[in-house]
file final-v1.cif (mmCIF, C-alpha atoms and all ligand atoms)
data_target
#
loop_
_atom_site.group_PDB
_atom_site.id
_atom_site.type_symbol
_atom_site.label_atom_id
_atom_site.label_comp_id
_atom_site.auth_asym_id
_atom_site.auth_seq_id
_atom_site.Cartn_x
_atom_site.Cartn_y
_atom_site.Cartn_z
ATOM 1 C CA MET A 1 -0.903 -21.757 1.518
ATOM 2 C CA LYS A 2 -0.242 -19.338 4.370
ATOM 3 C CA GLN A 3 -2.999 -17.091 5.669
ATOM 4 C CA SER A 4 -2.641 -13.646 4.089
ATOM 5 C CA LEU A 5 -1.744 -10.954 6.620
ATOM 6 C CA VAL A 6 -1.589 -7.952 4.293
ATOM 7 C CA GLY A 7 -4.209 -7.132 1.704
ATOM 8 C CA VAL A 8 -2.933 -5.168 -1.279
ATOM 9 C CA ILE A 9 -5.693 -3.637 -3.364
ATOM 10 C CA MET A 10 -5.705 -1.178 -6.240
ATOM 11 C CA GLY A 11 -8.366 0.607 -8.232
ATOM 12 C CA SER A 12 -7.297 -0.818 -11.591
ATOM 13 C CA ASP A 13 -4.848 -3.243 -13.120
ATOM 14 C CA SER A 14 -3.199 -0.146 -14.608
ATOM 15 C CA ASP A 15 -1.943 0.573 -11.065
ATOM 16 C CA TRP A 16 0.052 -2.648 -10.958
ATOM 17 C CA GLU A 17 3.308 -1.171 -12.306
ATOM 18 C CA VAL A 18 3.382 1.012 -9.177
ATOM 19 C CA MET A 19 1.748 -1.346 -6.683
ATOM 20 C CA LYS A 20 4.019 -4.251 -7.596
ATOM 21 C CA HIS A 21 6.675 -2.443 -5.553
ATOM 22 C CA ALA A 22 4.576 -2.945 -2.409
ATOM 23 C CA VAL A 23 4.032 -6.588 -3.285
ATOM 24 C CA GLY A 24 7.718 -7.080 -4.103
ATOM 25 C CA ILE A 25 8.996 -6.021 -0.700
ATOM 26 C CA LEU A 26 6.298 -8.036 1.103
ATOM 27 C CA LYS A 27 7.420 -11.057 -0.889
ATOM 28 C CA ASP A 28 11.102 -10.396 -0.138
ATOM 29 C CA LEU A 29 10.282 -10.241 3.582
ATOM 30 C CA ASN A 30 8.166 -13.416 3.441
ATOM 31 C CA VAL A 31 5.032 -11.581 4.517
ATOM 32 C CA PRO A 32 1.934 -13.494 3.368
ATOM 33 C CA TYR A 33 -0.177 -11.166 1.226
ATOM 34 C CA GLU A 34 -3.044 -11.157 -1.214
ATOM 35 C CA ALA A 35 -3.312 -8.731 -4.130
ATOM 36 C CA GLU A 36 -6.352 -7.828 -6.197
ATOM 37 C CA VAL A 37 -8.220 -5.114 -8.053
ATOM 38 C CA VAL A 38 -10.989 -3.512 -6.006
ATOM 39 C CA SER A 39 -12.541 -0.163 -6.886
ATOM 40 C CA ALA A 40 -14.752 2.008 -4.716
ATOM 41 C CA HIS A 41 -16.123 3.674 -7.823
ATOM 42 C CA ARG A 42 -16.403 0.808 -10.252
ATOM 43 C CA THR A 43 -17.026 -2.146 -7.917
ATOM 44 C CA PRO A 44 -18.543 -0.577 -4.798
ATOM 45 C CA ASP A 45 -20.234 -3.783 -3.595
ATOM 46 C CA ARG A 46 -17.002 -5.755 -3.957
ATOM 47 C CA MET A 47 -15.161 -3.001 -2.064
ATOM 48 C CA PHE A 48 -17.678 -3.123 0.786
ATOM 49 C CA GLU A 49 -17.411 -6.902 1.028
ATOM 50 C CA TYR A 50 -13.617 -6.798 0.892
ATOM 51 C CA ALA A 51 -13.404 -4.269 3.712
ATOM 52 C CA GLU A 52 -16.167 -5.795 5.840
ATOM 53 C CA THR A 53 -14.643 -9.300 5.767
ATOM 54 C CA ALA A 54 -10.997 -8.217 6.090
ATOM 55 C CA VAL A 55 -10.724 -8.774 9.864
ATOM 56 C CA GLU A 56 -12.423 -12.175 9.861
ATOM 57 C CA ARG A 57 -10.227 -13.275 6.945
ATOM 58 C CA GLY A 58 -7.180 -12.615 9.122
ATOM 59 C CA LEU A 59 -5.752 -9.519 7.458
ATOM 60 C CA LYS A 60 -3.787 -7.213 9.768
ATOM 61 C CA CYS A 61 -3.637 -4.193 7.475
ATOM 62 C CA ILE A 62 -4.595 -3.120 3.975
ATOM 63 C CA ILE A 63 -2.456 -1.295 1.418
ATOM 64 C CA ALA A 64 -4.714 0.519 -1.031
ATOM 65 C CA GLY A 65 -3.419 2.220 -4.162
ATOM 66 C CA ALA A 66 -5.552 4.475 -6.333
ATOM 67 C CA GLY A 67 -5.139 7.302 -8.818
ATOM 68 C CA GLY A 68 -7.071 10.427 -9.709
ATOM 69 C CA ALA A 69 -10.176 10.799 -7.561
ATOM 70 C CA ALA A 70 -8.631 8.219 -5.272
ATOM 71 C CA HIS A 71 -11.475 7.355 -2.939
ATOM 72 C CA LEU A 72 -10.568 3.694 -2.496
ATOM 73 C CA PRO A 73 -8.268 3.970 0.556
ATOM 74 C CA GLY A 74 -10.654 6.272 2.428
ATOM 75 C CA MET A 75 -13.741 4.230 1.637
ATOM 76 C CA VAL A 76 -12.034 1.000 2.690
ATOM 77 C CA ALA A 77 -10.924 2.720 5.900
ATOM 78 C CA ALA A 78 -14.539 3.739 6.491
ATOM 79 C CA LYS A 79 -15.599 0.074 6.423
ATOM 80 C CA THR A 80 -12.876 -1.565 8.531
ATOM 81 C CA ILE A 81 -10.936 -0.765 11.670
ATOM 82 C CA LEU A 82 -7.761 -2.293 10.210
ATOM 83 C CA PRO A 83 -4.950 0.171 9.471
ATOM 84 C CA VAL A 84 -5.249 1.349 5.856
ATOM 85 C CA LEU A 85 -2.087 2.463 4.058
ATOM 86 C CA GLY A 86 -2.850 4.660 1.053
ATOM 87 C CA VAL A 87 -0.625 4.866 -2.004
ATOM 88 C CA PRO A 88 -1.279 7.732 -4.451
ATOM 89 C CA ILE A 89 -0.858 6.494 -8.018
ATOM 90 C CA PRO A 90 0.617 8.990 -10.516
ATOM 91 C CA SER A 91 -2.117 10.231 -12.838
ATOM 92 C CA LYS A 92 -1.647 11.393 -16.436
ATOM 93 C CA GLN A 93 -3.242 14.801 -16.068
ATOM 94 C CA LEU A 94 -2.124 15.916 -12.605
ATOM 95 C CA LEU A 95 0.877 13.632 -12.027
ATOM 96 C CA GLY A 96 -0.615 12.162 -8.862
ATOM 97 C CA MET A 97 -1.191 15.393 -6.956
ATOM 98 C CA ASP A 98 -4.909 14.656 -7.304
ATOM 99 C CA SER A 99 -4.380 11.130 -5.946
ATOM 100 C CA LEU A 100 -2.238 12.404 -3.072
ATOM 101 C CA LEU A 101 -4.705 15.053 -1.958
ATOM 102 C CA SER A 102 -7.678 12.703 -2.338
ATOM 103 C CA ILE A 103 -6.005 10.204 -0.030
ATOM 104 C CA VAL A 104 -4.284 12.447 2.485
ATOM 105 C CA GLN A 105 -7.108 14.907 3.179
ATOM 106 C CA MET A 106 -9.316 12.530 5.141
ATOM 107 C CA PRO A 107 -11.909 14.034 7.450
ATOM 108 C CA ARG A 108 -11.241 13.686 11.164
ATOM 109 C CA GLY A 109 -12.278 10.284 12.485
ATOM 110 C CA ILE A 110 -11.325 7.979 9.605
ATOM 111 C CA PRO A 111 -7.542 7.805 9.245
ATOM 112 C CA VAL A 112 -5.567 6.666 6.220
ATOM 113 C CA ALA A 113 -1.785 6.528 6.515
ATOM 114 C CA THR A 114 -0.705 8.211 3.291
ATOM 115 C CA PHE A 115 2.528 7.483 1.481
ATOM 116 C CA ALA A 116 4.491 9.234 -1.270
ATOM 117 C CA ILE A 117 3.203 9.336 -4.845
ATOM 118 C CA GLY A 118 4.285 6.394 -6.946
ATOM 119 C CA GLU A 119 6.846 3.628 -6.621
ATOM 120 C CA ALA A 120 8.614 4.932 -3.515
ATOM 121 C CA GLY A 121 5.252 5.256 -1.760
ATOM 122 C CA ALA A 122 4.217 1.739 -2.740
ATOM 123 C CA PHE A 123 7.541 0.302 -1.606
ATOM 124 C CA ASN A 124 7.402 2.197 1.684
ATOM 125 C CA ALA A 125 3.808 1.114 2.264
ATOM 126 C CA GLY A 126 5.006 -2.485 1.954
ATOM 127 C CA LEU A 127 7.846 -1.795 4.384
ATOM 128 C CA PHE A 128 5.459 -0.056 6.768
ATOM 129 C CA ALA A 129 3.029 -2.975 6.690
ATOM 130 C CA ALA A 130 5.942 -5.262 7.540
ATOM 131 C CA ALA A 131 6.950 -2.930 10.383
ATOM 132 C CA LEU A 132 3.402 -3.084 11.797
ATOM 133 C CA LEU A 133 3.542 -6.881 11.807
ATOM 134 C CA ALA A 134 7.114 -6.922 13.137
ATOM 135 C CA VAL A 135 5.923 -5.418 16.422
ATOM 136 C CA GLU A 136 4.747 -8.925 17.316
ATOM 137 C CA ASP A 137 6.995 -10.987 15.041
ATOM 138 C CA ILE A 138 10.650 -11.135 16.034
ATOM 139 C CA ARG A 139 11.600 -13.047 12.867
ATOM 140 C CA LEU A 140 10.197 -10.295 10.707
ATOM 141 C CA ALA A 141 11.812 -7.614 12.896
ATOM 142 C CA THR A 142 15.165 -9.296 12.283
ATOM 143 C CA LEU A 143 14.561 -9.266 8.530
ATOM 144 C CA LEU A 144 13.760 -5.555 8.667
ATOM 145 C CA VAL A 145 16.988 -4.861 10.555
ATOM 146 C CA GLU A 146 18.856 -6.847 7.882
ATOM 147 C CA PHE A 147 17.130 -4.851 5.148
ATOM 148 C CA ARG A 148 18.278 -1.590 6.727
ATOM 149 C CA LYS A 149 21.857 -2.882 7.073
ATOM 150 C CA THR A 150 21.997 -3.996 3.442
ATOM 151 C CA GLN A 151 20.575 -0.675 2.311
ATOM 152 C CA ALA A 152 23.060 1.295 4.401
ATOM 153 C CA THR A 153 25.943 -0.756 2.996
ATOM 154 C CA ALA A 154 24.754 -0.110 -0.565
ATOM 155 C CA VAL A 155 24.456 3.628 0.065
ATOM 156 C CA ALA A 156 27.856 3.792 1.778
ATOM 157 C CA ALA A 157 29.404 2.144 -1.292
ATOM 158 C CA MET A 158 27.930 4.714 -3.693
ATOM 159 C CA THR A 159 30.498 6.704 -5.636
ATOM 160 C CA LEU A 160 30.056 9.811 -7.736
ATOM 161 C CA PRO A 161 31.628 10.558 -11.109
ATOM 162 C CA LYS A 162 34.649 12.858 -11.146
ATOM 163 C CA LEU A 163 34.194 16.174 -12.955
HETATM 164 N N1 LIG A 201 -9.235 5.969 -7.924
HETATM 165 C C1 LIG A 201 -9.787 4.892 -8.476
HETATM 166 C C2 LIG A 201 -10.805 4.104 -7.929
HETATM 167 C C3 LIG A 201 -11.422 4.313 -6.594
HETATM 168 O O1 LIG A 201 -10.935 5.188 -5.845
HETATM 169 O O2 LIG A 201 -12.361 3.595 -6.292
HETATM 170 N N2 LIG A 201 -11.099 3.128 -8.794
HETATM 171 C C4 LIG A 201 -10.273 3.266 -9.850
HETATM 172 N N3 LIG A 201 -9.488 4.337 -9.661
HETATM 173 C C5 LIG A 201 -8.356 4.782 -10.462
HETATM 174 O O3 LIG A 201 -8.617 5.118 -11.783
HETATM 175 C C6 LIG A 201 -7.347 5.170 -12.405
HETATM 176 C C7 LIG A 201 -7.513 4.889 -13.885
HETATM 177 O O4 LIG A 201 -7.951 3.561 -14.049
HETATM 178 P P1 LIG A 201 -7.970 2.882 -15.519
HETATM 179 O O5 LIG A 201 -6.532 2.827 -15.972
HETATM 180 O O6 LIG A 201 -8.562 1.503 -15.322
HETATM 181 O O7 LIG A 201 -8.827 3.758 -16.398
HETATM 182 C C8 LIG A 201 -6.450 4.184 -11.698
HETATM 183 O O8 LIG A 201 -5.290 4.835 -11.211
HETATM 184 C C9 LIG A 201 -7.322 3.693 -10.570
HETATM 185 O O9 LIG A 201 -6.659 3.544 -9.334
#

call {"tool": "encode", "arguments": {"input": "final-v1.cif", "output": "structure tokens"}}
result
Amino acid sequence: MKQSLVGVIMGSDSDWEVMKHAVGILKDLNVPYEAEVVSAHRTPDRMFEYAETAVERGLKCIIAGAGGAAHLPGMVAAKTILPVLGVPIPSKQLLGMDSLLSIVQMPRGIPVATFAIGEAGAFNAGLFAAALLAVEDIRLATLLVEFRKTQATAVAAMTLPKL
């Protein structure tokens, strides 16, 4: 098995329906990844160990999805110097605004790159992780260029119903 380069973590398995969009694009681009449930609130020791060993395990960045009081991305960022990409998960009560603000409003000194709420954010976090790696991986850069071309072709072919 290939060494994982991107760690995808989420606060609960209930986040998977959103976070699978990050995993899906990593898979499509052949980026080696690992995915697991890690919670700052519910499994703080596991979260510390995950973040503290991330560099030595060969990860290049971490995508962290969480909902509600979404402390996971920020706490992971506090324990590693790897880039952390935060994905706000839609919450039942506040539709993910709580998740977004929890992740985006980091205090100066510990950055988390914050993406859109939900599926688009998860997908873009996966793309962004690939773009980070593509800086030093020409094969991956080529795949990203191909992705953009395919997307542009699909959009150009879109038609609208006649009224
Ligand atoms: N925000 C966090 C953290 C954390 O930040 O450590 N751990 C779990 N959660 C979030 O709680 C929500 C509800 O989780 P459950 O569905 O398991 O009750 C999930 O969206 C998860 O990301």

call {"tool": "resolve_selection", "arguments": {"input": "final-v1.cif", "expression": "the PyMOL selection byres (((chain A and resi 102-105) around 9) and not hetatm)", "output": "PyMOL selection string"}}
result
chain A and resi 66-74+86-88+97-101+106-107+111-115

call {"tool": "atom_distance", "arguments": {"input": "final-v1.cif", "atom1": "CA of Asn30 (chain A)", "atom2": "CA of Asp15 (chain A)"}}
result
22.5 Å

call {"tool": "residues_near_point", "arguments": {"input": "final-v1.cif", "point": "(-9.7, -4.2, 4.9)", "cutoff": "8 Å", "atoms": "all atoms listed in the file", "output": "number ranges by chain"}}
result
A: 7, 50-55, 59, 61-62, 76-77, 79-84

call {"tool": "write_last_selection", "arguments": {"input": "final-v1.cif", "atoms": "C-alpha atoms", "output": "JSON list (two decimals), in the frame of the given file"}}
result
[["chain", "number", "residue", "atom", "x", "y", "z"],
["A", 7, "GLY", "CA", -4.21, -7.13, 1.70],
["A", 50, "TYR", "CA", -13.62, -6.80, 0.89],
["A", 51, "ALA", "CA", -13.40, -4.27, 3.71],
["A", 52, "GLU", "CA", -16.17, -5.80, 5.84],
["A", 53, "THR", "CA", -14.64, -9.30, 5.77],
["A", 54, "ALA", "CA", -11.00, -8.22, 6.09],
["A", 55, "VAL", "CA", -10.72, -8.77, 9.86],
["A", 59, "LEU", "CA", -5.75, -9.52, 7.46],
["A", 61, "CYS", "CA", -3.64, -4.19, 7.48],
["A", 62, "ILE", "CA", -4.60, -3.12, 3.98],
["A", 76, "VAL", "CA", -12.03, 1.00, 2.69],
["A", 77, "ALA", "CA", -10.92, 2.72, 5.90],
["A", 79, "LYS", "CA", -15.60, 0.07, 6.42],
["A", 80, "THR", "CA", -12.88, -1.56, 8.53],
["A", 81, "ILE", "CA", -10.94, -0.76, 11.67],
["A", 82, "LEU", "CA", -7.76, -2.29, 10.21],
["A", 83, "PRO", "CA", -4.95, 0.17, 9.47],
["A", 84, "VAL", "CA", -5.25, 1.35, 5.86]]

call {"tool": "atom_distance", "arguments": {"input": "final-v1.cif", "atom1": "CA of Lys60 (chain A)", "atom2": "CA of Ala129 (chain A)"}}
result
8.6 Å

call {"tool": "atom_distance", "arguments": {"input": "final-v1.cif", "atom1": "CA of Val18 (chain A)", "atom2": "CA of Ala40 (chain A)"}}
result
18.7 Å

call {"tool": "closest_residue", "arguments": {"input": "final-v1.cif", "among": "A:Ile63, A:Ala131, A:Ile117, A:Val37", "to": "Ser14 (chain A)", "atoms": "all atoms listed in the file"}}
result
A:Val37

call {"tool": "closest_residue", "arguments": {"input": "final-v1.cif", "among": "A:Pro44, A:Arg57, A:Ala22, A:Glu17", "to": "Lys2 (chain A)", "atoms": "all atoms listed in the file"}}
result
A:Arg57

call {"tool": "closest_residue", "arguments": {"input": "final-v1.cif", "among": "A:Ala64, A:Met1, A:Val8, A:Val31", "to": "ligand LIG 201 (chain A)", "atoms": "all atoms listed in the file"}}
result
A:Ala64

call {"tool": "residues_around", "arguments": {"input": "final-v1.cif", "residues": "Lys27 (chain A)", "least_positions_apart": "5", "cutoff": "12 Å", "atoms": "only C-alpha atoms", "output": "list in words"}}
result
Ser4, Leu5, Val6, Val8, Lys20, His21, Ala22, Pro32, Tyr33, Glu34, Ala35, Phe123, Gly126, Leu127, Ala129, Ala130, Leu140 and Leu143 of chain A
